[in-house]
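Enquirer: What follows is input-v3.cif, made up of mmCIF, C-alpha atoms:
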```
data_input
#
loop_
_atom_site.group_PDB
_atom_site.id
_atom_site.type_symbol
_atom_site.label_atom_id
_atom_site.label_comp_id
_atom_site.auth_asym_id
_atom_site.auth_seq_id
_atom_site.Cartn_x
_atom_site.Cartn_y
_atom_site.Cartn_z
ATOM 1 C CA TYR A 30 -9.723 -13.186 -6.705
ATOM 2 C CA GLU A 31 -7.092 -15.933 -6.517
ATOM 3 C CA ARG A 32 -3.484 -15.317 -7.476
ATOM 4 C CA ASP A 33 -3.004 -18.678 -9.172
ATOM 5 C CA ASN A 34 -5.859 -18.184 -11.648
ATOM 6 C CA THR A 35 -5.362 -14.468 -12.341
ATOM 7 C CA LEU A 36 -3.270 -12.908 -15.108
ATOM 8 C CA ALA A 37 -2.344 -9.231 -14.822
ATOM 9 C CA LEU A 38 -1.498 -7.279 -17.984
ATOM 10 C CA CYS A 39 -0.112 -3.781 -18.402
ATOM 11 C CA GLU A 40 -1.664 -2.488 -21.629
ATOM 12 C CA ILE A 41 0.190 0.136 -23.648
ATOM 13 C CA THR A 42 -1.588 1.563 -26.647
ATOM 14 C CA ILE A 43 0.481 2.918 -29.513
ATOM 15 C CA ASN A 44 -2.211 5.537 -30.170
ATOM 16 C CA ASN A 45 -1.486 7.388 -26.913
ATOM 17 C CA LEU A 46 2.244 7.486 -27.588
ATOM 18 C CA MET A 47 1.665 8.882 -31.085
ATOM 19 C CA GLU A 48 -0.635 11.712 -29.971
ATOM 20 C CA GLU A 49 2.250 14.163 -29.728
ATOM 21 C CA GLY A 50 3.791 13.206 -33.057
ATOM 22 C CA GLU A 51 5.728 10.342 -34.603
ATOM 23 C CA LEU A 52 6.214 7.211 -32.503
ATOM 24 C CA ASP A 53 9.656 7.034 -30.867
ATOM 25 C CA GLU A 54 10.373 3.308 -31.155
ATOM 26 C CA ARG A 55 13.248 3.338 -28.657
ATOM 27 C CA ASP A 56 11.140 5.157 -26.069
ATOM 28 C CA PHE A 57 8.253 2.750 -26.641
ATOM 29 C CA LEU A 58 10.366 -0.409 -26.391
ATOM 30 C CA SER A 59 12.128 0.952 -23.304
ATOM 31 C CA ARG A 60 8.774 1.219 -21.528
ATOM 32 C CA VAL A 61 7.972 -2.388 -22.429
ATOM 33 C CA ASP A 62 11.419 -3.597 -21.314
ATOM 34 C CA LEU A 63 11.193 -1.773 -17.969
ATOM 35 C CA LEU A 64 7.786 -3.265 -17.199
ATOM 36 C CA ASN A 65 8.999 -6.737 -18.215
ATOM 37 C CA GLY A 66 12.064 -6.274 -16.031
ATOM 38 C CA MET A 67 9.793 -5.677 -13.050
ATOM 39 C CA GLY A 68 7.956 -8.925 -13.720
ATOM 40 C CA GLN A 69 4.958 -7.372 -15.460
ATOM 41 C CA ASN A 70 3.226 -8.862 -18.497
ATOM 42 C CA VAL A 71 2.837 -6.218 -21.199
ATOM 43 C CA MET A 72 0.166 -6.072 -23.878
ATOM 44 C CA VAL A 73 0.818 -3.725 -26.799
ATOM 45 C CA SER A 74 -2.356 -2.610 -28.582
ATOM 46 C CA SER A 75 -3.680 -0.033 -31.011
ATOM 47 C CA PHE A 76 -6.973 0.455 -29.125
ATOM 48 C CA ARG A 77 -7.915 4.065 -28.514
ATOM 49 C CA GLU A 78 -11.198 3.285 -26.749
ATOM 50 C CA TYR A 79 -11.516 0.966 -23.767
ATOM 51 C CA TYR A 80 -14.645 -0.719 -25.089
ATOM 52 C CA LYS A 81 -12.532 -2.023 -27.993
ATOM 53 C CA LEU A 82 -10.096 -3.498 -25.483
ATOM 54 C CA VAL A 83 -13.021 -5.216 -23.736
ATOM 55 C CA SER A 84 -14.289 -6.490 -27.094
ATOM 56 C CA TYR A 85 -10.865 -7.997 -27.801
ATOM 57 C CA PHE A 86 -10.854 -9.859 -24.486
ATOM 58 C CA SER A 87 -14.391 -11.131 -25.064
ATOM 59 C CA GLN A 88 -13.042 -13.729 -27.512
ATOM 60 C CA PHE A 89 -11.397 -15.518 -24.578
ATOM 61 C CA LYS A 90 -13.119 -17.435 -21.790
ATOM 62 C CA ILE A 91 -12.498 -14.904 -19.016
ATOM 63 C CA LYS A 92 -14.560 -15.304 -15.864
ATOM 64 C CA ASN A 93 -13.873 -11.804 -14.523
ATOM 65 C CA LEU A 94 -12.301 -8.949 -16.456
ATOM 66 C CA ARG A 95 -11.084 -6.036 -14.364
ATOM 67 C CA ILE A 96 -9.601 -2.835 -15.774
ATOM 68 C CA VAL A 97 -7.605 -0.516 -13.512
ATOM 69 C CA ILE A 98 -7.474 3.150 -14.521
ATOM 70 C CA GLY A 99 -6.645 6.482 -12.916
ATOM 71 C CA ILE A 100 -8.977 9.425 -12.360
ATOM 72 C CA PRO A 101 -7.749 11.433 -15.415
ATOM 73 C CA THR A 102 -8.366 8.411 -17.662
ATOM 74 C CA LEU A 103 -11.817 7.878 -16.138
ATOM 75 C CA LEU A 104 -12.736 11.498 -16.917
ATOM 76 C CA ASN A 105 -11.648 10.985 -20.537
ATOM 77 C CA LEU A 106 -13.568 7.722 -20.712
ATOM 78 C CA LEU A 107 -16.762 9.562 -19.724
ATOM 79 C CA ASP A 108 -16.279 12.391 -22.242
ATOM 80 C CA ASN A 109 -18.865 12.455 -25.055
ATOM 81 C CA LYS A 110 -16.405 13.871 -27.582
ATOM 82 C CA TYR A 111 -14.612 10.512 -27.883
ATOM 83 C CA TYR A 112 -17.764 8.728 -29.082
ATOM 84 C CA THR A 113 -19.129 10.949 -31.856
ATOM 85 C CA HIS A 114 -18.447 8.111 -34.338
ATOM 86 C CA LEU A 115 -20.963 5.885 -32.518
ATOM 87 C CA LYS A 116 -24.662 6.301 -33.275
ATOM 88 C CA GLY A 117 -25.479 5.839 -29.612
ATOM 89 C CA GLY A 118 -22.610 8.054 -28.442
ATOM 90 C CA LEU A 119 -21.491 7.673 -24.843
ATOM 91 C CA LEU A 120 -24.453 5.461 -23.963
ATOM 92 C CA GLU A 121 -23.504 2.938 -26.652
ATOM 93 C CA ALA A 122 -19.868 3.018 -25.551
ATOM 94 C CA MET A 123 -20.821 2.282 -21.917
ATOM 95 C CA GLY A 124 -22.980 -0.638 -23.051
ATOM 96 C CA LYS A 125 -20.009 -2.112 -24.914
ATOM 97 C CA LEU A 126 -17.595 -1.360 -22.071
ATOM 98 C CA PHE A 127 -19.562 -3.165 -19.375
ATOM 99 C CA PRO A 128 -20.576 -6.694 -20.315
ATOM 100 C CA GLU A 129 -21.621 -8.806 -17.335
ATOM 101 C CA ASN A 130 -18.088 -9.925 -16.413
ATOM 102 C CA THR A 131 -16.395 -6.492 -16.537
ATOM 103 C CA LYS A 132 -15.747 -3.847 -13.892
ATOM 104 C CA LEU A 133 -13.522 -0.757 -13.642
ATOM 105 C CA TYR A 134 -11.281 -0.229 -10.645
ATOM 106 C CA VAL A 135 -10.334 3.409 -10.154
ATOM 107 C CA TYR A 136 -6.988 4.512 -8.724
ATOM 108 C CA PRO A 137 -7.470 7.721 -6.691
ATOM 109 C CA THR A 138 -5.512 10.923 -7.103
ATOM 110 C CA VAL A 139 -4.756 13.995 -5.030
ATOM 111 C CA SER A 140 -6.493 17.195 -6.113
ATOM 112 C CA SER A 141 -5.129 20.568 -5.066
ATOM 113 C CA VAL A 142 -8.492 22.354 -4.953
ATOM 114 C CA SER A 143 -11.816 21.022 -3.688
ATOM 115 C CA ILE A 144 -14.829 21.555 -5.962
ATOM 116 C CA ASP A 145 -17.139 22.107 -2.961
ATOM 117 C CA ASP A 146 -14.760 24.185 -0.865
ATOM 118 C CA PRO A 147 -11.901 26.031 -2.672
ATOM 119 C CA THR A 148 -10.334 26.938 0.690
ATOM 120 C CA ARG A 149 -10.041 23.299 1.704
ATOM 121 C CA GLY A 150 -6.710 22.614 0.007
ATOM 122 C CA GLU A 151 -5.647 19.133 -1.017
ATOM 123 C CA TYR A 152 -8.123 16.276 -0.891
ATOM 124 C CA LEU A 153 -8.442 12.738 -2.215
ATOM 125 C CA LEU A 154 -10.299 12.530 -5.519
ATOM 126 C CA THR A 155 -12.036 9.177 -6.053
ATOM 127 C CA SER A 156 -14.859 7.795 -8.167
ATOM 128 C CA ALA A 157 -17.227 8.807 -5.345
ATOM 129 C CA ASN A 158 -16.547 12.569 -5.520
ATOM 130 C CA LEU A 159 -15.707 12.923 -9.200
ATOM 131 C CA PRO A 160 -16.740 16.296 -10.724
ATOM 132 C CA LEU A 161 -18.966 15.476 -13.701
ATOM 133 C CA PRO A 162 -21.319 17.433 -15.986
ATOM 134 C CA GLU A 163 -24.939 17.302 -14.851
ATOM 135 C CA ASP A 164 -26.077 15.388 -17.948
ATOM 136 C CA LEU A 165 -23.776 12.489 -17.008
ATOM 137 C CA ASP A 166 -24.837 12.255 -13.385
ATOM 138 C CA LEU A 167 -27.685 9.728 -13.644
ATOM 139 C CA LEU A 168 -25.784 7.384 -15.975
ATOM 140 C CA TYR A 169 -22.707 7.550 -13.771
ATOM 141 C CA GLN A 170 -24.707 6.940 -10.587
ATOM 142 C CA TYR A 171 -26.278 3.888 -12.210
ATOM 143 C CA LEU A 172 -22.832 2.463 -13.051
ATOM 144 C CA LYS A 173 -21.681 3.138 -9.486
ATOM 145 C CA HIS A 174 -24.843 1.613 -7.975
ATOM 146 C CA ALA A 175 -24.454 -1.481 -10.194
ATOM 147 C CA ARG A 176 -20.857 -1.771 -8.916
ATOM 148 C CA LYS A 177 -19.453 -1.461 -12.408
ATOM 149 C CA ILE A 178 -17.124 1.323 -11.215
ATOM 150 C CA LEU A 179 -15.282 0.714 -7.941
ATOM 151 C CA ASP A 180 -12.497 2.452 -6.036
ATOM 152 C CA LEU A 181 -9.206 0.716 -5.328
ATOM 153 C CA THR A 182 -8.584 0.580 -1.592
ATOM 154 C CA GLY A 183 -5.381 0.307 0.396
ATOM 155 C CA VAL A 184 -3.531 2.677 -1.929
ATOM 156 C CA LYS A 185 -0.355 4.254 -0.518
ATOM 157 C CA GLN A 186 -1.278 7.921 -0.427
ATOM 158 C CA LYS A 187 2.346 9.129 -0.462
ATOM 159 C CA TRP A 188 2.669 7.745 -4.004
ATOM 160 C CA LEU A 189 -0.314 9.723 -5.276
ATOM 161 C CA TYR A 190 1.834 12.843 -5.533
ATOM 162 C CA ILE A 191 4.016 11.194 -8.203
ATOM 163 C CA ASN A 192 3.120 12.367 -11.698
ATOM 164 C CA SER A 193 4.653 10.417 -14.582
ATOM 165 C CA ARG A 194 4.803 13.421 -16.927
ATOM 166 C CA ARG A 195 6.539 15.461 -14.235
ATOM 167 C CA VAL A 196 9.049 12.649 -13.625
ATOM 168 C CA LEU A 197 9.807 12.463 -17.358
ATOM 169 C CA MET A 198 10.380 16.227 -17.521
ATOM 170 C CA MET A 199 12.723 16.043 -14.530
ATOM 171 C CA ILE A 200 14.747 13.280 -16.200
ATOM 172 C CA GLN A 201 14.983 15.194 -19.482
ATOM 173 C CA ASN A 202 15.859 18.496 -17.767
ATOM 174 C CA GLY A 203 18.442 16.949 -15.457
ATOM 175 C CA GLU A 204 16.508 17.929 -12.319
ATOM 176 C CA PRO A 205 17.468 15.968 -9.195
ATOM 177 C CA GLY A 206 14.857 14.132 -7.122
ATOM 178 C CA TRP A 207 13.157 11.983 -9.747
ATOM 179 C CA GLU A 208 15.067 8.965 -8.445
ATOM 180 C CA LYS A 209 12.877 8.923 -5.322
ATOM 181 C CA MET A 210 9.737 8.750 -7.475
ATOM 182 C CA VAL A 211 10.544 5.488 -9.272
ATOM 183 C CA PRO A 212 11.508 1.970 -8.128
ATOM 184 C CA LYS A 213 15.256 1.393 -7.657
ATOM 185 C CA TYR A 214 15.346 -0.997 -10.621
ATOM 186 C CA ILE A 215 13.871 1.670 -12.914
ATOM 187 C CA GLU A 216 16.385 4.268 -11.714
ATOM 188 C CA LYS A 217 19.315 1.921 -12.443
ATOM 189 C CA GLN A 218 18.044 1.039 -15.915
ATOM 190 C CA ILE A 219 17.417 4.668 -16.881
ATOM 191 C CA LYS A 220 20.903 5.703 -15.771
ATOM 192 C CA SER A 221 22.681 2.652 -17.235
ATOM 193 C CA TYR A 222 21.071 2.890 -20.674
ATOM 194 C CA LYS A 223 20.415 6.669 -20.688
ATOM 195 C CA LEU A 224 16.706 6.194 -21.310
ATOM 196 C CA PHE A 225 14.082 8.938 -21.843
ATOM 197 C CA GLY A 226 16.649 11.662 -22.495
ATOM 198 C CA TYR A 227 18.682 11.077 -19.321
ATOM 199 C CA LYS A 228 22.156 12.594 -19.365
ATOM 200 C CA SER A 229 24.848 11.763 -16.835
ATOM 201 C CA PRO A 230 25.851 14.766 -14.687
ATOM 202 C CA ASP A 231 29.281 16.186 -15.582
#
```
How would this structure read if it were set down as structure tokens?

Expert:
Amino acid sequence: YERDNTLALCEITINNLMEEGELDERDFLSRVDLLNGMGQNVMVSSFREYYKLVSYFSQFKIKNLRIVIGIPTLLNLLDNKYYTHLKGGLLEAMGKLFPENTKLYVYPTVSSVSIDDPTRGEYLLTSANLPLPEDLDLLYQYLKHARKILDLTGVKQKWLYINSRRVLMMIQNGEPGWEKMVPKYIEKQIKSYKLFGYKSPD
């Protein structure tokens, strides 16, 4: 990795935003504007599956393609039900997802209940201790052993408690405290332009 020859993109797919109904254009463009305002490059796509995203990037001469995803997204990515349209199902999808130059980096999350010990309380959920169906175990272990799926390290654990859906609900319901869960720039923009259903307190 070298900063001067690396381009980072935040990909937003329209499909995810339309899952709960009609696309809210203002909401969508606000997300893009906020990311741009923080110096992020944004890619807007209509890809529902990650292997289609990888296929798109394959037309460019990219030495190393790295995709960063969270644990919930990884669990969805490994779910057979999303690949019933492929003859080879999940196996075919994984073949398309992992050409030689591609790896997944997984952002950990905090789980409230341990699979192995329910009395344990909170613990860090990573790609190494992911609860998976037995029929996926060998395929997943192969991908891990081949270093196609890797954990991000050096993550600030205090930020793992922040849930974007919860933050959005707090903004829309006028609950205090969401300001501490977003960067200062984001807070100012949301309040200035009344984004995501924010209403000024009376």

Enquirer: Using all atoms listed in the file, which residues sit within 12 Å of His114 of chain A once same-chain residues fewer than 6 positions away are excluded, as a PDB file with C-alpha atoms, in the coordinates of the input?

Expert:
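Below is the file around_0.pdb, written as the result:
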```pdb
ATOM      1  CA  GLU A  78     -11.198   3.285 -26.749  1.00  0.00           C
ATOM      2  CA  GLU A 121     -23.504   2.938 -26.652  1.00  0.00           C
ATOM      3  CA  ALA A 122     -19.868   3.018 -25.551  1.00  0.00           C
TER       4      ALA A 122
END
```

Enquirer: Do you know which residues lie at most 10 Å from (-9.9, -4.9, -15.1), with coordinates as in the file and only C-alpha atoms counted, and could you write them as a ChimeraX atom specification?

Expert: /A:37-38,83,93-98,130-135

Enquirer: Can you translate the PyMOL selection byres ((chain A and resi 167-172) around 12) into the concrete residues it hits in this file, as a PyMOL selection string?

Expert: chain A and resi 103-104+106-108+119-121+123-124+126-128+131-133+156-166+173-179

Enquirer: Quick one: pull the distance between atom CA of Ile43 of chain A and atom CA of Glu204 of chain A, Å, one decimal.

Expert: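 Going from atom CA of Ile43 of chain A over to atom CA of Glu204 of chain A, I get 27.9 Å.
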
Enquirer: Find the axis-aligned box for segment 190-195 of chain A, covering all its listed atoms and adding 5 Å on each side, and write its centre and edge lengths in Å to one decimal as AutoDock Vina command-line options.

Expert:
```
--center_x 4.2 --center_y 12.9 --center_z -11.2 --size_x 14.7 --size_y 15.0 --size_z 21.4
```

Enquirer: So the first atom is atom CA of Leu115 of chain A and the second is atom CA of Tyr79 of chain A; what is the distance between them in Å, to one decimal place?

Expert: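 Result for atom CA of Leu115 of chain A versus atom CA of Tyr79 of chain A: 13.8 Å, one decimal.
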
Enquirer: In Å, with one decimal, what is the gap from atom CA of Asn192 of chain A to atom CA of Pro212 of chain A?

Expert: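 According to the coordinates, atom CA of Asn192 of chain A and atom CA of Pro212 of chain A are separated by 13.8 Å.
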
Enquirer: Expand the PyMOL selection byres ((chain A and resi 139) around 9) into the explicit residue set it covers here, and present it as a PyMOL selection string.

Expert: chain A and resi 137-138+140-141+151-155+186+189-190

Enquirer: Please write the residues from the selection above to a file, keeping C-alpha atoms, as a PDB file, keeping the file's coordinate frame.

Expert:
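Okay, this is what ended up in part-v9.pdb:
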```pdb
ATOM      1  CA  PRO A 137      -7.470   7.721  -6.691  1.00  0.00           C
ATOM      2  CA  THR A 138      -5.512  10.923  -7.103  1.00  0.00           C
ATOM      3  CA  SER A 140      -6.493  17.195  -6.113  1.00  0.00           C
ATOM      4  CA  SER A 141      -5.129  20.568  -5.066  1.00  0.00           C
ATOM      5  CA  GLU A 151      -5.647  19.133  -1.017  1.00  0.00           C
ATOM      6  CA  TYR A 152      -8.123  16.276  -0.891  1.00  0.00           C
ATOM      7  CA  LEU A 153      -8.442  12.738  -2.215  1.00  0.00           C
ATOM      8  CA  LEU A 154     -10.299  12.530  -5.519  1.00  0.00           C
ATOM      9  CA  THR A 155     -12.036   9.177  -6.053  1.00  0.00           C
ATOM     10  CA  GLN A 186      -1.278   7.921  -0.427  1.00  0.00           C
ATOM     11  CA  LEU A 189      -0.314   9.723  -5.276  1.00  0.00           C
ATOM     12  CA  TYR A 190       1.834  12.843  -5.533  1.00  0.00           C
TER      13      TYR A 190
END
```

Enquirer: When you count all atoms listed in the file, which of these residues is closest to Val211 of chain A: A:Lys228, A:Thr102, A:Lys223, A:Ile191?

Expert: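 Smallest separation from Val211 of chain A among the options: A:Ile191.
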
Enquirer: Using all atoms listed in the file for the distances, tell me which of A:Cys39, A:Met72, A:Met67, A:Pro101 is nearest to Tyr85 of chain A.

Expert: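 The shortest atom-to-atom distance to Tyr85 of chain A comes from A:Met72.
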
Enquirer: Within 12 Å of Val61 of chain A, counting all atoms listed in the file, which residues show up once you throw out same-chain ones fewer than 4 positions away? Write them as a list of chain:residue names, please.

Expert: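 Answer for this query is A:Leu38, A:Cys39, A:Glu40, A:Ile41, A:Thr42, A:Ile43, A:Glu54, A:Arg55, A:Asp56, A:Phe57, A:Asn65, A:Gly66, A:Met67, A:Gly68, A:Gln69, A:Asn70, A:Val71, A:Met72, A:Val73, A:Ile215.
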